[in-house]
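Q: This is model-v2.csv (CSV, C-alpha atoms and all ligand atoms).
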```csv
chain,number,residue,atom,x,y,z
A,437,ASP,CA,26.0,10.1,-29.1
A,438,LYS,CA,22.4,9.6,-28.0
A,439,GLN,CA,19.4,9.3,-30.3
A,440,GLN,CA,17.8,12.6,-30.7
A,441,ASP,CA,14.3,11.2,-30.0
A,442,LEU,CA,13.2,14.2,-27.9
A,443,GLN,CA,13.9,16.7,-30.7
A,444,GLY,CA,11.0,19.2,-31.0
A,445,LYS,CA,9.8,18.5,-27.4
A,446,CYS,CA,9.9,21.1,-24.7
A,447,VAL,CA,10.6,19.5,-21.3
A,448,LEU,CA,10.0,21.5,-18.1
A,449,ILE,CA,11.7,20.2,-15.0
A,450,SER,CA,11.7,21.2,-11.3
A,451,ALA,CA,14.7,20.1,-9.1
A,452,GLY,CA,16.1,20.4,-5.7
A,453,SER,CA,14.6,21.7,-2.5
A,454,THR,CA,12.9,25.0,-1.8
A,455,VAL,CA,14.1,27.2,1.1
A,456,GLU,CA,11.6,29.1,3.1
A,457,PRO,CA,13.1,32.1,5.0
A,458,LEU,CA,12.6,32.7,8.8
A,459,ASP,CA,14.7,35.8,8.9
A,460,PRO,CA,17.6,37.3,6.8
A,461,VAL,CA,19.9,34.5,7.8
A,462,ARG,CA,17.8,31.4,8.6
A,463,TYR,CA,15.4,29.1,6.7
A,464,LEU,CA,13.5,25.9,6.6
A,465,SER,CA,14.5,23.4,3.9
A,466,ASN,CA,15.1,19.6,3.3
A,467,ASN,CA,17.6,17.1,2.2
A,468,SER,CA,17.1,17.1,-1.5
A,469,THR,CA,20.2,17.9,-3.4
A,470,GLY,CA,18.7,18.2,-6.9
A,471,LYS,CA,20.6,15.3,-8.4
A,472,MET,CA,17.6,13.5,-9.7
A,473,GLY,CA,16.1,16.6,-11.4
A,474,PHE,CA,19.5,17.6,-12.9
A,475,SER,CA,20.0,14.1,-14.2
A,476,ILE,CA,16.6,14.3,-15.9
A,477,ALA,CA,17.5,17.7,-17.4
A,478,GLN,CA,20.8,16.4,-18.8
A,479,ALA,CA,19.2,13.3,-20.2
A,480,ALA,CA,16.5,15.4,-22.0
A,481,GLN,CA,19.1,17.8,-23.3
A,482,GLN,CA,21.2,15.0,-24.7
A,483,ARG,CA,18.2,13.5,-26.4
A,484,GLY,CA,17.6,16.8,-28.2
A,485,ALA,CA,14.8,18.4,-26.2
A,486,GLU,CA,14.5,22.0,-25.4
A,487,VAL,CA,14.9,22.0,-21.6
A,488,ILE,CA,13.7,24.4,-18.9
A,489,LEU,CA,15.1,23.7,-15.5
A,490,VAL,CA,13.5,25.4,-12.5
A,491,ALA,CA,15.7,24.7,-9.5
A,492,GLY,CA,16.1,25.6,-5.8
A,493,PRO,CA,19.5,26.4,-4.3
A,494,ASN,CA,22.0,23.6,-5.1
A,495,HIS,CA,25.7,22.8,-5.5
A,496,LEU,CA,25.5,21.0,-8.8
A,497,ALA,CA,27.1,21.7,-12.1
A,498,LEU,CA,24.7,23.2,-14.6
A,499,PRO,CA,24.0,20.9,-17.6
A,500,THR,CA,25.0,22.7,-20.7
A,501,GLY,CA,22.3,24.0,-23.1
A,502,VAL,CA,19.4,24.2,-20.6
A,503,ASN,CA,17.3,27.2,-19.8
A,504,TYR,CA,18.1,27.6,-16.1
A,505,GLN,CA,15.7,29.3,-13.8
A,506,PRO,CA,16.9,29.5,-10.3
A,507,VAL,CA,14.4,30.0,-7.5
A,508,LYS,CA,14.4,29.9,-3.7
A,509,THR,CA,10.9,29.5,-2.3
A,510,ALA,CA,8.0,27.3,-3.2
A,511,GLN,CA,6.0,30.4,-4.3
A,512,GLN,CA,8.8,31.4,-6.7
A,513,MET,CA,8.9,27.8,-8.0
A,514,GLU,CA,5.2,27.8,-8.5
A,515,GLN,CA,5.4,31.1,-10.4
A,516,LYS,CA,8.1,29.8,-12.8
A,517,MET,CA,6.4,26.5,-13.4
A,518,LEU,CA,3.1,28.2,-14.3
A,519,GLU,CA,4.9,30.6,-16.5
A,520,PHE,CA,6.5,27.9,-18.7
A,521,TYR,CA,3.8,25.3,-18.4
A,522,PRO,CA,1.7,26.3,-21.4
A,523,GLN,CA,4.6,25.6,-23.8
A,524,ALA,CA,5.7,22.4,-22.3
A,525,ASP,CA,5.1,18.9,-23.7
A,526,PHE,CA,6.6,16.9,-20.8
A,527,VAL,CA,6.6,18.2,-17.2
A,528,ILE,CA,8.6,16.6,-14.4
A,529,MET,CA,8.2,17.7,-10.8
A,530,ALA,CA,11.3,16.3,-9.3
A,531,ALA,CA,11.7,19.1,-6.7
A,532,ALA,CA,11.2,18.4,-3.0
A,533,VAL,CA,8.9,21.4,-2.3
A,534,ALA,CA,8.6,22.5,1.3
A,535,ASP,CA,5.0,21.7,2.3
A,536,PHE,CA,5.0,24.6,4.8
A,537,ARG,CA,6.6,28.0,5.1
A,538,PRO,CA,7.0,30.4,8.1
A,539,MET,CA,3.9,32.6,8.4
A,540,ARG,CA,6.1,35.6,8.8
A,541,THR,CA,9.7,36.3,7.7
A,542,ALA,CA,11.3,38.5,10.3
A,543,GLU,CA,12.9,41.6,8.8
A,544,GLN,CA,15.8,41.4,11.3
A,545,LYS,CA,17.6,38.4,12.7
A,546,ILE,CA,15.5,36.7,15.4
A,547,LYS,CA,17.2,37.2,18.8
A,548,LYS,CA,17.5,34.4,21.4
A,549,THR,CA,17.9,36.9,24.4
A,550,GLY,CA,15.3,36.1,27.1
A,551,LEU,CA,13.8,33.1,25.2
A,552,ASP,CA,13.7,29.5,26.5
A,553,GLN,CA,11.3,28.4,23.8
A,554,LEU,CA,10.4,29.7,20.4
A,555,THR,CA,7.3,28.7,18.5
A,556,LEU,CA,7.2,29.0,14.8
A,557,GLU,CA,3.9,29.4,13.0
A,558,LEU,CA,3.8,27.8,9.5
A,559,VAL,CA,1.4,28.0,6.7
A,560,ARG,CA,0.8,25.6,3.8
A,561,ASN,CA,2.6,26.1,0.6
A,562,PRO,CA,0.8,25.6,-2.7
A,563,ASP,CA,0.9,22.1,-4.0
A,564,ILE,CA,2.5,22.9,-7.4
A,565,LEU,CA,2.0,19.4,-8.9
A,566,LEU,CA,-1.7,19.4,-7.9
A,567,GLU,CA,-2.2,22.7,-9.6
A,568,LEU,CA,-0.4,21.6,-12.8
A,569,GLY,CA,-2.6,18.4,-12.8
A,570,ASN,CA,-5.7,20.5,-12.6
A,571,ARG,CA,-4.5,22.7,-15.5
A,572,LYS,CA,-3.3,19.9,-17.7
A,573,GLN,CA,-3.8,20.4,-21.5
A,574,GLN,CA,-1.4,18.6,-23.9
A,575,GLN,CA,1.2,18.0,-21.2
A,576,LEU,CA,2.3,14.7,-19.9
A,577,LEU,CA,2.9,15.2,-16.2
A,578,VAL,CA,5.3,13.3,-14.0
A,579,GLY,CA,5.5,13.4,-10.2
A,580,PHE,CA,7.8,11.9,-7.6
A,581,ALA,CA,6.8,10.4,-4.3
A,582,ALA,CA,9.4,10.0,-1.5
A,583,GLU,CA,7.9,7.6,1.0
A,584,THR,CA,9.2,6.0,4.2
A,585,GLN,CA,6.3,3.5,4.6
A,586,GLN,CA,3.6,1.8,2.6
A,587,LEU,CA,5.3,2.9,-0.7
A,588,LEU,CA,2.7,1.5,-3.1
A,589,ALA,CA,-0.4,2.5,-1.2
A,590,ASN,CA,0.7,6.1,-0.5
A,591,ALA,CA,2.1,6.6,-4.0
A,592,THR,CA,-1.0,5.2,-5.7
A,593,ALA,CA,-3.2,7.6,-3.8
A,594,LYS,CA,-0.8,10.5,-4.8
A,595,MET,CA,-0.9,9.5,-8.4
A,596,GLN,CA,-4.7,9.7,-8.5
A,597,ARG,CA,-5.0,12.8,-6.5
A,598,LYS,CA,-2.5,14.8,-8.5
A,599,LYS,CA,-3.7,13.6,-11.9
A,600,VAL,CA,-0.2,12.6,-13.1
A,601,ASP,CA,0.5,10.4,-16.1
A,602,LEU,CA,3.5,8.8,-14.3
A,603,LEU,CA,4.4,8.8,-10.6
A,604,VAL,CA,8.0,7.8,-9.8
A,605,ALA,CA,7.9,6.3,-6.2
A,606,ASN,CA,11.0,5.8,-4.1
A,607,ASP,CA,11.6,4.6,-0.6
A,608,VAL,CA,13.7,7.3,1.1
A,609,SER,CA,14.3,5.3,4.3
A,610,ARG,CA,17.0,3.4,2.4
A,611,ALA,CA,20.5,4.7,2.7
A,612,ASP,CA,22.0,3.2,-0.5
A,613,VAL,CA,19.6,4.9,-2.9
A,614,GLY,CA,17.7,8.2,-3.1
A,615,PHE,CA,18.6,11.5,-1.4
A,616,GLY,CA,22.1,12.7,-2.1
A,617,THR,CA,23.3,9.4,-3.8
A,618,SER,CA,23.9,9.0,-7.5
A,619,GLN,CA,21.7,5.9,-7.7
A,620,ASN,CA,18.0,5.2,-7.2
A,621,GLU,CA,15.6,2.3,-7.2
A,622,VAL,CA,12.0,3.3,-8.0
A,623,VAL,CA,8.6,2.0,-8.9
A,624,PHE,CA,6.8,3.5,-11.9
A,625,LEU,CA,3.0,3.9,-11.3
A,626,ARG,CA,0.6,4.8,-14.0
A,627,PRO,CA,-3.2,5.1,-14.1
A,628,GLN,CA,-4.7,1.8,-15.3
A,629,ALA,CA,-1.4,-0.1,-15.4
A,630,ASP,CA,0.5,-2.5,-13.1
A,631,PRO,CA,3.3,-1.0,-11.0
A,632,GLN,CA,6.7,-1.5,-12.6
A,633,LEU,CA,9.9,-1.9,-10.6
A,634,VAL,CA,12.9,-0.1,-12.0
A,635,SER,CA,15.7,-1.9,-10.2
A,636,LYS,CA,18.7,-0.1,-8.7
A,637,ARG,CA,20.6,2.0,-11.3
A,638,SER,CA,22.1,5.4,-11.9
A,639,LYS,CA,19.8,8.5,-11.7
A,640,SER,CA,20.7,9.2,-15.4
A,641,ALA,CA,19.5,5.6,-16.4
A,642,ILE,CA,16.3,6.3,-14.4
A,643,ALA,CA,15.9,9.6,-16.3
A,644,ASP,CA,16.2,7.8,-19.6
A,645,LYS,CA,13.6,5.2,-18.5
A,646,ILE,CA,11.2,8.1,-17.7
A,647,PHE,CA,11.6,9.6,-21.2
A,648,ASP,CA,11.3,6.2,-22.9
A,649,LEU,CA,8.0,5.8,-21.2
A,650,LEU,CA,6.8,9.3,-21.9
A,651,LEU,CA,7.6,8.9,-25.6
A,652,ASP,CA,5.6,5.6,-25.6
A,653,LEU,CA,2.6,7.3,-24.0
A,654,ASP,CA,3.0,10.2,-26.5
A,655,HIS,CA,3.0,7.9,-29.5
A,656,GLN,CA,0.0,5.9,-28.2
A,657,ARG,CA,-1.9,9.1,-27.8
A,658,ARG,CA,-1.2,10.2,-31.4
A,659,LYS,CA,-2.3,6.9,-32.9
B,701,LIG,O1,2.7,15.3,-1.7
B,701,LIG,P1,4.1,14.9,-1.9
B,701,LIG,O2,5.1,16.0,-1.5
B,701,LIG,O3,4.6,13.6,-1.3
B,701,LIG,O4,4.2,14.7,-3.5
B,701,LIG,C1,5.4,14.7,-4.1
B,701,LIG,C2,5.2,15.3,-5.5
B,701,LIG,O5,4.5,16.5,-5.4
B,701,LIG,C3,6.5,15.6,-6.1
B,701,LIG,O6,6.5,15.5,-7.5
B,701,LIG,C4,6.7,17.1,-5.7
B,701,LIG,O7,7.5,17.8,-6.6
B,701,LIG,C5,5.3,17.6,-5.8
B,701,LIG,N1,4.9,18.7,-4.8
B,701,LIG,C6,4.6,19.9,-5.3
B,701,LIG,N2,4.3,20.9,-4.4
B,701,LIG,C7,4.3,20.7,-3.1
B,701,LIG,C8,4.6,19.4,-2.6
B,701,LIG,C9,4.9,18.4,-3.5
B,701,LIG,O8,4.6,20.2,-6.5
B,701,LIG,N3,4.0,21.7,-2.2
```
Please render this file's structure as structure tokens.
Ligand code: C5P

A:
Amino acid sequence: DKQQDLQGKCVLISAGSTVEPLDPVRYLSNNSTGKMGFSIAQAAQQRGAEVILVAGPNHLALPTGVNYQPVKTAQQMEQKMLEFYPQADFVIMAAAVADFRPMRTAEQKIKKTGLDQLTLELVRNPDILLELGNRKQQQLLVGFAAETQQLLANATAKMQRKKVDLLVANDVSRADVGFGTSQNEVVFLRPQADPQLVSKRSKSAIADKIFDLLLDLDHQRRK
């Protein structure tokens, strides 16, 4: 049995990908499976937190005892995150939100007849994490950064821009960790602190490290 050190805390987590519909049967999405976010939700629940899990479509088993809020699009995810944000103590944006969505969703299936090319027009989705950062009150906010190059430079810029208390950066060009696997190797970045490498381990062990750090920050703040 785990220590119930998150008792009394409300933890809001986003997980998985978003899907952005093109027509009734097609969509744009990405490779995120939701494993990292679900591992975080399970860790929080086992340590005694009240957990709200906002997740895109996935094939994962639902952790017991969490308030599960399924969504499809980035706009739906944004709405749910904003709805639960005021009551949350720790907020973790582990979802891989689609940066763009189709400008229009066709009401009927798009036909290929007579077409050699098809151009899709896309519009920017809201940056949910950026919005949460701008509205931050008591919450400690965690973001993720999936990078394929210049991990530290890109992630540091992201941490500052999105006003997060912790940015979990990972190199998604590696096949042995990250997307779809059960392990991850990450770097923790915090404002005014040196980067901290968290060597390769299970996603649930990474989740525990995140909460250890958040509890530390929370205690420091209350001193
Ligand atoms: O900007 P980038 O997508 O690399 O940043 C990653 C972080 O921002 C993740 O925590 C992700 O959940 C969040 N994000 C978001 N809304 C977006 C894009 C990313 O909340 N539209």

Q: Around ligand LIG 701 (chain B), which protein and nucleic acid residues have at least one atom no more than 7 Å from it, if we count all atoms listed in the file? List them as a list in words.

A: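 I would give the residues around ligand LIG 701 (chain B) as Ala510, Met529, Ala530, Ala531, Ala532, Val533, Ala534, Asp535, Asn561, Pro562, Asp563, Ile564, Leu565, Leu566, Val578, Gly579, Phe580, Ala581, Ala582 and Lys594 of chain A.
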
Q: Take the selection from the previous step and output its residues with C-alpha atoms, as a PDB file, in the coordinates of the input.

A:
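So part26.pdb came out as:
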```pdb
ATOM      1  CA  ALA A 510       8.000  27.300  -3.200  1.00  0.00           C
ATOM      2  CA  MET A 529       8.200  17.700 -10.800  1.00  0.00           C
ATOM      3  CA  ALA A 530      11.300  16.300  -9.300  1.00  0.00           C
ATOM      4  CA  ALA A 531      11.700  19.100  -6.700  1.00  0.00           C
ATOM      5  CA  ALA A 532      11.200  18.400  -3.000  1.00  0.00           C
ATOM      6  CA  VAL A 533       8.900  21.400  -2.300  1.00  0.00           C
ATOM      7  CA  ALA A 534       8.600  22.500   1.300  1.00  0.00           C
ATOM      8  CA  ASP A 535       5.000  21.700   2.300  1.00  0.00           C
ATOM      9  CA  ASN A 561       2.600  26.100   0.600  1.00  0.00           C
ATOM     10  CA  PRO A 562       0.800  25.600  -2.700  1.00  0.00           C
ATOM     11  CA  ASP A 563       0.900  22.100  -4.000  1.00  0.00           C
ATOM     12  CA  ILE A 564       2.500  22.900  -7.400  1.00  0.00           C
ATOM     13  CA  LEU A 565       2.000  19.400  -8.900  1.00  0.00           C
ATOM     14  CA  LEU A 566      -1.700  19.400  -7.900  1.00  0.00           C
ATOM     15  CA  VAL A 578       5.300  13.300 -14.000  1.00  0.00           C
ATOM     16  CA  GLY A 579       5.500  13.400 -10.200  1.00  0.00           C
ATOM     17  CA  PHE A 580       7.800  11.900  -7.600  1.00  0.00           C
ATOM     18  CA  ALA A 581       6.800  10.400  -4.300  1.00  0.00           C
ATOM     19  CA  ALA A 582       9.400  10.000  -1.500  1.00  0.00           C
ATOM     20  CA  LYS A 594      -0.800  10.500  -4.800  1.00  0.00           C
TER      21      LYS A 594
END
```

Q: Within 8 Å of Ala485 of chain A, counting all atoms listed in the file, which residues qualify if same-chain residues fewer than 4 places away don't, as a ChimeraX atom specification?

A: /A:440,442-447,480-481

Q: Find the residues around segment 541-555 of chain A up to 8 Å (all atoms listed in the file counted), leave out those fewer than 3 positions away in its own chain, and share them as a count of residues only.

A: 6

Q: Figure out the distance between atom CA of Leu587 of chain A and atom CA of Asp654 of chain A, please, to one decimal in Å.

A: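 Here the two named atoms are 26.9 Å from each other.
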
Q: Would you mind reading off the distance between atom CA of Gln632 of chain A and atom CA of Glu567 of chain A, one decimal, in Å?

A: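 Value for the atom CA of Gln632 of chain A-atom CA of Glu567 of chain A distance: 26.0 Å.
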
Q: If we count only C-alpha atoms and set the cut-off at 8 Å, which residues sit around Thr584 of chain A, ignoring sequence neighbours fewer than 5 positions away in its own chain? Please answer as a short mmCIF file (atom, residue, chain, number, x, y, z; two decimals) with C-alpha atoms, in the frame of the given file.

A:
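The resulting selection_35.cif:
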```cif
data_model
loop_
_atom_site.label_atom_id
_atom_site.label_comp_id
_atom_site.auth_asym_id
_atom_site.auth_seq_id
_atom_site.Cartn_x
_atom_site.Cartn_y
_atom_site.Cartn_z
CA ASP A 607 11.60 4.60 -0.60
CA VAL A 608 13.70 7.30 1.10
CA SER A 609 14.30 5.30 4.30
#
```

Q: Quick one: 6 Å padding each side, axis-aligned, all listed atoms of segment 513-522 of chain A - centre and edge lengths in Å to one decimal, as lines of an AutoDock Vina configuration file?

A:
```
center_x = 5.3
center_y = 28.2
center_z = -14.7
size_x = 19.2
size_y = 17.8
size_z = 25.4
```

Q: Between A:Gln478, A:Ala593, A:Leu653, A:Gly492, which one has atoms that come closest to Asn466 of chain A, using only C-alpha atoms?

A: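 Of all the options, A:Gly492 lies closest to Asn466 of chain A.
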
Q: What's the separation between atom CA of Asp601 of chain A and atom CA of Gln575 of chain A, in Å to one decimal place?

A: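 These atoms are spaced 9.2 Å apart.
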
Q: With only C-alpha atoms as the atoms that count, which of A:Ala451, A:Leu603, A:Leu558, A:Met595 lies nearest to Ala477 of chain A?

A: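 Residue with the minimum atom-to-atom distance to Ala477 of chain A: A:Ala451.
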
Q: Which one of A:Tyr463, A:Phe624, A:Phe526, A:Phe536 sits closest to Phe647 of chain A if you count all atoms listed in the file?

A: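 Looking only at the distances to Phe647 of chain A, the closest residue turns out to be A:Phe526.
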
Q: Write out as a count of residues only each polymer residue whose atoms come within 8 Å of Val490 of chain A, counting only C-alpha atoms; drop sequence neighbours fewer than 2 positions from it.

A: 13

Q: Counting all atoms listed in the file, which of A:Pro499, A:Gln585, A:Met472, A:Phe520 gets nearest to Arg637 of chain A?

A: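 Checking each candidate against Arg637 of chain A, we get A:Met472 as the closest.
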
Q: So which one's closest to Gly569 of chain A, A:Ala491, A:Ile642, A:Leu602, A:Ala497? Using only C-alpha atoms, please.

A: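 Of all the options, A:Leu602 lies closest to Gly569 of chain A.
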
Q: At a cut-off of 9 Å, using all atoms listed in the file, what residues contact Asp441 of chain A? Leave out same-chain residues fewer than 5 positions from it and give the result as a list in words.

A: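 The residues that qualify are Arg483, Gly484, Ala485 and Leu651 of chain A.
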
Q: Which one of A:Lys659, A:Pro522, A:Thr617, A:Lys471 sits closest to Leu498 of chain A if you count all atoms listed in the file?

A: A:Lys471

Q: For segment 534-585 of chain A in the structure I just supplied, write out C-alpha atoms - as a compact mmCIF listing (two decimals), in the first residue's frame.

A:
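So the final result, stored in selection_20.txt, reads:
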```txt
# COMPACT_ATOMS: atom_id res chain seq x y z
CA ALA A 534 -3.68 18.59 -31.96
CA ASP A 535 -2.23 21.99 -32.82
CA PHE A 536 -4.56 22.39 -35.81
CA ARG A 537 -8.05 21.25 -36.75
CA PRO A 538 -9.85 21.21 -40.10
CA MET A 539 -11.42 24.58 -40.80
CA ARG A 540 -14.61 22.80 -41.79
CA THR A 541 -16.01 19.39 -40.92
CA ALA A 542 -17.92 18.04 -43.93
CA GLU A 543 -21.41 16.90 -43.05
CA GLN A 544 -21.18 14.03 -45.51
CA LYS A 545 -18.27 11.73 -46.34
CA ILE A 546 -15.81 13.53 -48.65
CA LYS A 547 -15.87 11.92 -52.13
CA LYS A 548 -12.73 11.21 -54.15
CA THR A 549 -14.56 11.12 -57.50
CA GLY A 550 -12.91 13.48 -59.99
CA LEU A 551 -10.20 14.60 -57.53
CA ASP A 552 -6.45 14.12 -58.11
CA GLN A 553 -5.56 16.36 -55.20
CA LEU A 554 -7.31 17.51 -52.11
CA THR A 555 -6.20 20.49 -50.07
CA LEU A 556 -7.19 20.67 -46.43
CA GLU A 557 -7.49 24.00 -44.70
CA LEU A 558 -6.56 23.92 -41.03
CA VAL A 559 -6.95 26.43 -38.22
CA ARG A 560 -5.05 26.68 -34.94
CA ASN A 561 -6.49 24.99 -31.91
CA PRO A 562 -6.38 26.74 -28.55
CA ASP A 563 -3.19 26.13 -26.57
CA ILE A 564 -4.85 24.78 -23.44
CA LEU A 565 -1.69 24.79 -21.31
CA LEU A 566 -0.93 28.39 -22.22
CA GLU A 567 -4.44 29.39 -21.17
CA LEU A 568 -4.17 27.50 -17.88
CA GLY A 569 -0.81 29.20 -17.22
CA ASN A 570 -2.37 32.60 -17.76
CA ARG A 571 -5.22 31.82 -15.36
CA LYS A 572 -3.08 30.24 -12.66
CA GLN A 573 -4.17 30.85 -9.05
CA GLN A 574 -3.28 28.27 -6.37
CA GLN A 575 -2.59 25.52 -8.91
CA LEU A 576 0.78 23.96 -9.55
CA LEU A 577 0.93 23.41 -13.29
CA VAL A 578 2.82 20.69 -15.17
CA GLY A 579 3.38 20.49 -18.92
CA PHE A 580 5.01 17.97 -21.18
CA ALA A 581 7.27 18.62 -24.13
CA ALA A 582 7.82 16.02 -26.82
CA GLU A 583 10.82 17.10 -28.85
CA THR A 584 12.77 15.52 -31.69
CA GLN A 585 15.69 17.98 -31.57
```
